[in-house]
Amino acid sequence: LTYFEQLRQRGELPTSVICATRGNHGQSIAWAARAHRVPCTIVVPHGNSVEKNAAMRALGATLIEHGTDFQESREYAMQIATERNAHMVPSFHFDLLRGVSTYWWEFF
């Protein structure tokens, strides 16, 4: 949510997003994209957790299974992002970290 909110505040909220994940990152991106009404595509490797895939779909993401590991999924997601002119959400970014850190602050 923090990542998307920062994009919105800068006037850079994209028309669509894409990311690669094994599950947790994808669930949070799908949630935030839905909250900001931004279409979301998530690329996961073949054999990924059925439960996490279902959760990402339930949050409104379009799921693509590609590759045998995270790196292959990530490279494919980057290719699709370029082809579709979609915003590639990185696995690590300061604004993602800020959002996670507030979670831990609230937890403790």
# chains A, B, ... in the order shown; residues from 1 in each chain; ligands from 1

call {"tool": "select_by_dssp", "arguments": {"residues": "chain A", "states": "strand (DSSP E or B)", "output": "list in words"}}
result
Val17, Ile18, Cys19, Ala20, Cys40, Thr41, Ile42, Val43, Val44, Thr62, Leu63, Ile64, Glu65, His87 and Met88 of chain A

call {"tool": "residues_around", "arguments": {"residues": "A:Ser91", "least_positions_apart": "2", "cutoff": "12 Å", "atoms": "only C-alpha atoms", "output": "PDB file with N, CA, C and O atoms, in the first residue's frame"}}
result
ATOM      1  N   TYR A   3       3.900   1.644  -1.195  1.00  0.00           N
ATOM      2  CA  TYR A   3       4.512   1.789  -2.517  1.00  0.00           C
ATOM      3  C   TYR A   3       3.532   2.447  -3.492  1.00  0.00           C
ATOM      4  O   TYR A   3       3.868   3.423  -4.166  1.00  0.00           O
ATOM      5  N   ILE A  18       2.910  -5.194 -12.987  1.00  0.00           N
ATOM      6  CA  ILE A  18       3.293  -6.597 -13.093  1.00  0.00           C
ATOM      7  C   ILE A  18       4.418  -6.843 -12.097  1.00  0.00           C
ATOM      8  O   ILE A  18       5.199  -5.940 -11.800  1.00  0.00           O
ATOM      9  N   CYS A  19       4.466  -8.045 -11.557  1.00  0.00           N
ATOM     10  CA  CYS A  19       5.576  -8.417 -10.680  1.00  0.00           C
ATOM     11  C   CYS A  19       5.798  -9.916 -10.771  1.00  0.00           C
ATOM     12  O   CYS A  19       4.987 -10.648 -11.329  1.00  0.00           O
ATOM     13  N   ALA A  20       6.919 -10.336 -10.220  1.00  0.00           N
ATOM     14  CA  ALA A  20       7.228 -11.758 -10.112  1.00  0.00           C
ATOM     15  C   ALA A  20       7.329 -12.085  -8.634  1.00  0.00           C
ATOM     16  O   ALA A  20       7.761 -11.252  -7.831  1.00  0.00           O
ATOM     17  N   THR A  21       6.919 -13.284  -8.272  1.00  0.00           N
ATOM     18  CA  THR A  21       6.890 -13.651  -6.856  1.00  0.00           C
ATOM     19  C   THR A  21       6.784 -15.148  -6.694  1.00  0.00           C
ATOM     20  O   THR A  21       6.502 -15.865  -7.649  1.00  0.00           O
ATOM     21  N   ARG A  22       6.974 -15.578  -5.448  1.00  0.00           N
ATOM     22  CA  ARG A  22       6.645 -16.947  -5.053  1.00  0.00           C
ATOM     23  C   ARG A  22       5.372 -16.925  -4.210  1.00  0.00           C
ATOM     24  O   ARG A  22       4.865 -17.959  -3.823  1.00  0.00           O
ATOM     25  N   GLY A  23       4.880 -15.703  -3.869  1.00  0.00           N
ATOM     26  CA  GLY A  23       3.602 -15.653  -3.169  1.00  0.00           C
ATOM     27  C   GLY A  23       3.317 -14.462  -2.299  1.00  0.00           C
ATOM     28  O   GLY A  23       2.359 -13.747  -2.534  1.00  0.00           O
ATOM     29  N   ASN A  24       4.110 -14.216  -1.259  1.00  0.00           N
ATOM     30  CA  ASN A  24       3.768 -13.159  -0.315  1.00  0.00           C
ATOM     31  C   ASN A  24       3.808 -11.774  -0.956  1.00  0.00           C
ATOM     32  O   ASN A  24       2.897 -10.972  -0.772  1.00  0.00           O
ATOM     33  N   HIS A  25       4.858 -11.485  -1.692  1.00  0.00           N
ATOM     34  CA  HIS A  25       4.975 -10.199  -2.384  1.00  0.00           C
ATOM     35  C   HIS A  25       3.805 -10.022  -3.350  1.00  0.00           C
ATOM     36  O   HIS A  25       3.194  -8.955  -3.416  1.00  0.00           O
ATOM     37  N   GLY A  26       3.486 -11.060  -4.062  1.00  0.00           N
ATOM     38  CA  GLY A  26       2.391 -10.991  -5.033  1.00  0.00           C
ATOM     39  C   GLY A  26       1.048 -10.728  -4.380  1.00  0.00           C
ATOM     40  O   GLY A  26       0.216  -9.994  -4.922  1.00  0.00           O
ATOM     41  N   SER A  28       0.554  -9.037  -1.606  1.00  0.00           N
ATOM     42  CA  SER A  28       0.500  -7.629  -1.183  1.00  0.00           C
ATOM     43  C   SER A  28       0.348  -6.705  -2.376  1.00  0.00           C
ATOM     44  O   SER A  28      -0.385  -5.711  -2.311  1.00  0.00           O
ATOM     45  N   ILE A  29       1.006  -7.018  -3.487  1.00  0.00           N
ATOM     46  CA  ILE A  29       0.879  -6.175  -4.682  1.00  0.00           C
ATOM     47  C   ILE A  29      -0.540  -6.291  -5.245  1.00  0.00           C
ATOM     48  O   ILE A  29      -1.137  -5.285  -5.646  1.00  0.00           O
ATOM     49  N   ILE A  42       0.660 -11.073 -12.230  1.00  0.00           N
ATOM     50  CA  ILE A  42       1.715 -11.640 -11.401  1.00  0.00           C
ATOM     51  C   ILE A  42       2.243 -12.907 -12.066  1.00  0.00           C
ATOM     52  O   ILE A  42       1.465 -13.772 -12.472  1.00  0.00           O
ATOM     53  N   PHE A  70      12.191 -18.523  -9.443  1.00  0.00           N
ATOM     54  CA  PHE A  70      11.850 -17.106  -9.348  1.00  0.00           C
ATOM     55  C   PHE A  70      12.556 -16.282 -10.421  1.00  0.00           C
ATOM     56  O   PHE A  70      11.952 -15.394 -11.028  1.00  0.00           O
ATOM     57  N   GLN A  71      13.834 -16.541 -10.661  1.00  0.00           N
ATOM     58  CA  GLN A  71      14.592 -15.736 -11.624  1.00  0.00           C
ATOM     59  C   GLN A  71      13.988 -15.815 -13.021  1.00  0.00           C
ATOM     60  O   GLN A  71      13.855 -14.795 -13.704  1.00  0.00           O
ATOM     61  N   ARG A  74      10.847 -13.766 -12.981  1.00  0.00           N
ATOM     62  CA  ARG A  74      11.180 -12.342 -12.948  1.00  0.00           C
ATOM     63  C   ARG A  74      11.573 -11.833 -14.330  1.00  0.00           C
ATOM     64  O   ARG A  74      11.112 -10.778 -14.775  1.00  0.00           O
ATOM     65  N   ALA A  77       8.502 -11.628 -16.426  1.00  0.00           N
ATOM     66  CA  ALA A  77       7.675 -10.480 -16.005  1.00  0.00           C
ATOM     67  C   ALA A  77       8.245  -9.181 -16.558  1.00  0.00           C
ATOM     68  O   ALA A  77       7.493  -8.310 -17.016  1.00  0.00           O
ATOM     69  N   MET A  78       9.554  -9.037 -16.543  1.00  0.00           N
ATOM     70  CA  MET A  78      10.182  -7.829 -17.084  1.00  0.00           C
ATOM     71  C   MET A  78       9.923  -7.708 -18.579  1.00  0.00           C
ATOM     72  O   MET A  78       9.657  -6.615 -19.087  1.00  0.00           O
ATOM     73  N   MET A  88       6.710  -2.374 -13.758  1.00  0.00           N
ATOM     74  CA  MET A  88       7.274  -3.552 -13.093  1.00  0.00           C
ATOM     75  C   MET A  88       7.534  -3.197 -11.637  1.00  0.00           C
ATOM     76  O   MET A  88       8.363  -2.347 -11.332  1.00  0.00           O
ATOM     77  N   VAL A  89       6.799  -3.837 -10.737  1.00  0.00           N
ATOM     78  CA  VAL A  89       6.996  -3.598  -9.308  1.00  0.00           C
ATOM     79  C   VAL A  89       8.180  -4.461  -8.870  1.00  0.00           C
ATOM     80  O   VAL A  89       8.145  -5.681  -9.019  1.00  0.00           O
ATOM     81  N   HIS A  93      12.238  -2.298  -2.809  1.00  0.00           N
ATOM     82  CA  HIS A  93      12.200  -0.858  -3.056  1.00  0.00           C
ATOM     83  C   HIS A  93      12.014  -0.192  -1.701  1.00  0.00           C
ATOM     84  O   HIS A  93      11.353  -0.743  -0.811  1.00  0.00           O
ATOM     85  N   PHE A  94      12.567   0.991  -1.542  1.00  0.00           N
ATOM     86  CA  PHE A  94      12.480   1.693  -0.269  1.00  0.00           C
ATOM     87  C   PHE A  94      11.034   1.832   0.204  1.00  0.00           C
ATOM     88  O   PHE A  94      10.739   1.646   1.385  1.00  0.00           O
ATOM     89  N   ASP A  95      10.114   2.153  -0.717  1.00  0.00           N
ATOM     90  CA  ASP A  95       8.714   2.330  -0.316  1.00  0.00           C
ATOM     91  C   ASP A  95       8.060   1.010   0.094  1.00  0.00           C
ATOM     92  O   ASP A  95       7.163   1.002   0.932  1.00  0.00           O
ATOM     93  N   LEU A  96       8.503  -0.105  -0.482  1.00  0.00           N
ATOM     94  CA  LEU A  96       8.028  -1.414  -0.022  1.00  0.00           C
ATOM     95  C   LEU A  96       8.547  -1.680   1.390  1.00  0.00           C
ATOM     96  O   LEU A  96       7.807  -2.132   2.259  1.00  0.00           O
ATOM     97  N   LEU A  97       9.804  -1.367   1.607  1.00  0.00           N
ATOM     98  CA  LEU A  97      10.407  -1.544   2.923  1.00  0.00           C
ATOM     99  C   LEU A  97       9.707  -0.685   3.975  1.00  0.00           C
ATOM    100  O   LEU A  97       9.447  -1.138   5.084  1.00  0.00           O
TER     101      LEU A  97
END

call {"tool": "residues_around", "arguments": {"residues": "stretch 4-13 of chain A", "least_positions_apart": "5", "cutoff": "8 Å", "atoms": "only C-alpha atoms", "output": "number ranges by chain"}}
result
A: 32-33, 36, 95

call {"tool": "write_last_selection", "arguments": {"atoms": "all heavy atoms", "output": "short mmCIF file (atom, residue, chain, number, x, y, z; two decimals), in the first residue's frame"}}
result
data_model
loop_
_atom_site.label_atom_id
_atom_site.label_comp_id
_atom_site.auth_asym_id
_atom_site.auth_seq_id
_atom_site.Cartn_x
_atom_site.Cartn_y
_atom_site.Cartn_z
N ALA A 32 -2.81 -4.14 -3.02
CA ALA A 32 -2.61 -2.71 -3.23
C ALA A 32 -3.11 -2.27 -4.60
O ALA A 32 -3.71 -1.20 -4.74
CB ALA A 32 -1.14 -2.35 -3.06
N ALA A 33 -2.87 -3.09 -5.61
CA ALA A 33 -3.34 -2.75 -6.96
C ALA A 33 -4.87 -2.67 -6.97
O ALA A 33 -5.45 -1.75 -7.54
CB ALA A 33 -2.84 -3.78 -7.96
N HIS A 36 -6.11 0.45 -5.39
CA HIS A 36 -5.90 1.64 -6.23
C HIS A 36 -6.52 1.50 -7.62
O HIS A 36 -6.28 2.33 -8.49
CB HIS A 36 -4.40 1.93 -6.33
CG HIS A 36 -3.84 2.52 -5.08
ND1 HIS A 36 -3.42 1.75 -4.02
CD2 HIS A 36 -3.66 3.81 -4.72
CE1 HIS A 36 -2.99 2.54 -3.06
NE2 HIS A 36 -3.13 3.79 -3.45
N ASP A 95 10.11 2.15 -0.72
CA ASP A 95 8.71 2.33 -0.32
C ASP A 95 8.06 1.01 0.09
O ASP A 95 7.16 1.00 0.93
CB ASP A 95 7.92 3.01 -1.42
CG ASP A 95 8.34 4.46 -1.62
OD1 ASP A 95 8.80 5.09 -0.64
OD2 ASP A 95 8.23 4.96 -2.75
#

call {"tool": "residues_around", "arguments": {"residues": "A:Ser16", "least_positions_apart": "3", "cutoff": "6 Å", "atoms": "only C-alpha atoms", "output": "PyMOL selection string"}}
result
chain A and resi 38-40+86

call {"tool": "decode", "arguments": {"residues": "stretch 63-77 of chain A", "atoms": "N, CA, C and O atoms", "output": "short mmCIF file (atom, residue, chain, number, x, y, z; two decimals), in the first residue's frame"}}
result
data_model
loop_
_atom_site.label_atom_id
_atom_site.label_comp_id
_atom_site.auth_asym_id
_atom_site.auth_seq_id
_atom_site.Cartn_x
_atom_site.Cartn_y
_atom_site.Cartn_z
N LEU A 63 -2.85 -14.24 -13.03
CA LEU A 63 -1.68 -15.03 -12.69
C LEU A 63 -1.14 -15.74 -13.93
O LEU A 63 -1.91 -16.33 -14.69
N ILE A 64 0.17 -15.66 -14.12
CA ILE A 64 0.85 -16.35 -15.21
C ILE A 64 1.90 -17.26 -14.58
O ILE A 64 2.70 -16.80 -13.78
N GLU A 65 1.88 -18.52 -14.95
CA GLU A 65 2.91 -19.45 -14.49
C GLU A 65 3.95 -19.57 -15.59
O GLU A 65 3.63 -19.91 -16.72
N HIS A 66 5.20 -19.26 -15.22
CA HIS A 66 6.28 -19.31 -16.21
C HIS A 66 7.60 -19.58 -15.51
O HIS A 66 7.92 -18.97 -14.51
N GLY A 67 8.37 -20.47 -16.07
CA GLY A 67 9.70 -20.75 -15.56
C GLY A 67 9.73 -21.79 -14.46
O GLY A 67 8.69 -22.19 -13.94
N THR A 68 10.95 -22.18 -14.13
CA THR A 68 11.13 -23.20 -13.11
C THR A 68 11.54 -22.62 -11.76
O THR A 68 11.55 -23.34 -10.76
N ASP A 69 11.90 -21.33 -11.75
CA ASP A 69 12.30 -20.68 -10.50
C ASP A 69 11.95 -19.19 -10.55
O ASP A 69 11.49 -18.69 -11.58
N PHE A 70 12.19 -18.52 -9.44
CA PHE A 70 11.85 -17.11 -9.35
C PHE A 70 12.56 -16.28 -10.42
O PHE A 70 11.95 -15.39 -11.03
N GLN A 71 13.83 -16.54 -10.66
CA GLN A 71 14.59 -15.74 -11.62
C GLN A 71 13.99 -15.82 -13.02
O GLN A 71 13.85 -14.80 -13.70
N GLU A 72 13.60 -16.99 -13.45
CA GLU A 72 12.97 -17.13 -14.77
C GLU A 72 11.64 -16.40 -14.80
O GLU A 72 11.30 -15.76 -15.81
N SER A 73 10.89 -16.46 -13.72
CA SER A 73 9.61 -15.74 -13.64
C SER A 73 9.85 -14.24 -13.70
O SER A 73 9.13 -13.50 -14.37
N ARG A 74 10.85 -13.77 -12.98
CA ARG A 74 11.18 -12.34 -12.95
C ARG A 74 11.57 -11.83 -14.33
O ARG A 74 11.11 -10.78 -14.78
N GLU A 75 12.42 -12.58 -15.02
CA GLU A 75 12.85 -12.17 -16.35
C GLU A 75 11.66 -12.11 -17.31
O GLU A 75 11.55 -11.19 -18.13
N TYR A 76 10.76 -13.07 -17.21
CA TYR A 76 9.58 -13.08 -18.06
C TYR A 76 8.66 -11.91 -17.71
O TYR A 76 8.11 -11.26 -18.60
N ALA A 77 8.50 -11.63 -16.43
CA ALA A 77 7.68 -10.48 -16.01
C ALA A 77 8.24 -9.18 -16.56
O ALA A 77 7.49 -8.31 -17.02
#
